[in-house]
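Presented below is the structure to which this report refers.
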Amino acid sequence: MPSTSARFARTLVIALVLTSAAVVVSEEAATEEYGYPTEDVDRTDFTEEHLKTDKVIEATIPHSDIEVSWIFPESPDSKLPVGGTTDLLVALANGGAKMFNVSRVEARLNDASGSLAIKLPRIEYGQSLGPHEQRSFRYPLTLEKEAVQKEYTLVAKVFYNTRDKEPFVSPIVEETVELVPPLPVYDPELRMMQAALGAVGLIIALVIAARVMAPGADAKAKPGKKAKAGGDDAASAVAGNEWLAGTLAGSEGKASKKTKKG
């Protein structure tokens, strides 16, 4: 027969086991009821401020040094054929001393009530725009063949920021456009002529931006100016405009690269 001390030791072990089980059950019940353990743990975040993730600040206003102009080289009448891509050329002129980074262009087609009708692609650039510099950007406006052919309001904006990541947004265009049937397939000569007209339109857009950003010009928060194709005055202005010498018209803005329509 076990001694009294042995029986006491065995009883103590059983009591300890039962107590541990009760504590586990209690913690599980608390976790189930409140969603967290009842243990008192200090969860203070001691991460240094500069190591924390930067908060995303949305751009809401344009910068006064940036002027925008635009043109549809292939569709000066703002009639956009479905089933293909129409280039929207955007010219930005920086009239100040700050360096900017042009991040993206966003666009949409709204119906008569102002509601979103067709969501257009968001195009990323990541190109710099230095002080007193002009740069052009090509926004390929792609329309599905099944899109309803009628009038819409085209709304486009360009997003950019300073070196210290202060964000800005400028309206490019807010104008009525009409979706029309697909264009016929052009022969090579017509395609080359179309590309040449697009290049002329780009130069004129840059000239207009330069004139607007001349000393004394007032940059306002409104959609950019539409460049007009053709004209002897524009041609003479190009010849004497120093800003256009070696201009940084990025590859995104080259009108010679066209997408086949139809």
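How things are named: the first chain in the structure tokens is A, the next is B, and so on; residues count from 1 in each chain; ligands count from 1 in the order shown.
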DSSP strand (DSSP E or B) residues within stretch 78-148 of chain A, listed as a PyMOL selection string: chain A and resi 79-81+84-94+100-110+116-119+123-129+134-143
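Counting only C-alpha atoms, the residue from A:Lys226, A:Lys150, A:Lys145, A:Lys165 that sits nearest to A:Pro73 is A:Lys226.
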Show me, as number ranges by chain, the residues that have an atom within 7 Å of A:Asn94 when counting only C-alpha atoms, minus same-chain residues fewer than 2 positions from it. A: 65-67, 92, 96, 129-134
How many Å lie between atom CA of A:Pro76 and atom CA of A:Glu174, rounded to one decimal? 15.0 Å
Restricting the calculation to only C-alpha atoms: of A:Pro223, A:Gly95, A:Gly114, A:Pro140, which residue gets closest to A:Ala156?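 Distance minimum relative to A:Ala156 lands on A:Pro223.
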Near A:Leu143, counting only C-alpha atoms, which residues have an atom at most 9 Å away, once you skip same-chain residues fewer than 5 positions from it, shown as a list in words?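 Final neighbour list, sorted by chain and number: Leu80, Pro81, Val82, Gly83, Gly84, Thr85, Thr86, Ile118, Leu120 and Leu179 of chain A.
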For those residues, write C-alpha atoms to a file as a PDB file, in the first residue's frame.
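Printed below is again.pdb as written:
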```pdb
ATOM      1  CA  LEU A  80     -12.869  59.706 -82.714  1.00  0.00           C
ATOM      2  CA  PRO A  81     -13.245  56.435 -84.634  1.00  0.00           C
ATOM      3  CA  VAL A  82     -14.108  53.306 -82.666  1.00  0.00           C
ATOM      4  CA  GLY A  83     -12.274  50.022 -83.143  1.00  0.00           C
ATOM      5  CA  GLY A  84      -8.821  51.587 -82.944  1.00  0.00           C
ATOM      6  CA  THR A  85      -6.568  54.115 -81.233  1.00  0.00           C
ATOM      7  CA  THR A  86      -6.479  57.890 -81.579  1.00  0.00           C
ATOM      8  CA  ILE A 118     -16.399  54.662 -70.851  1.00  0.00           C
ATOM      9  CA  LEU A 120     -10.147  54.839 -70.649  1.00  0.00           C
ATOM     10  CA  LEU A 179     -17.438  58.528 -81.533  1.00  0.00           C
TER      11      LEU A 179
END
```
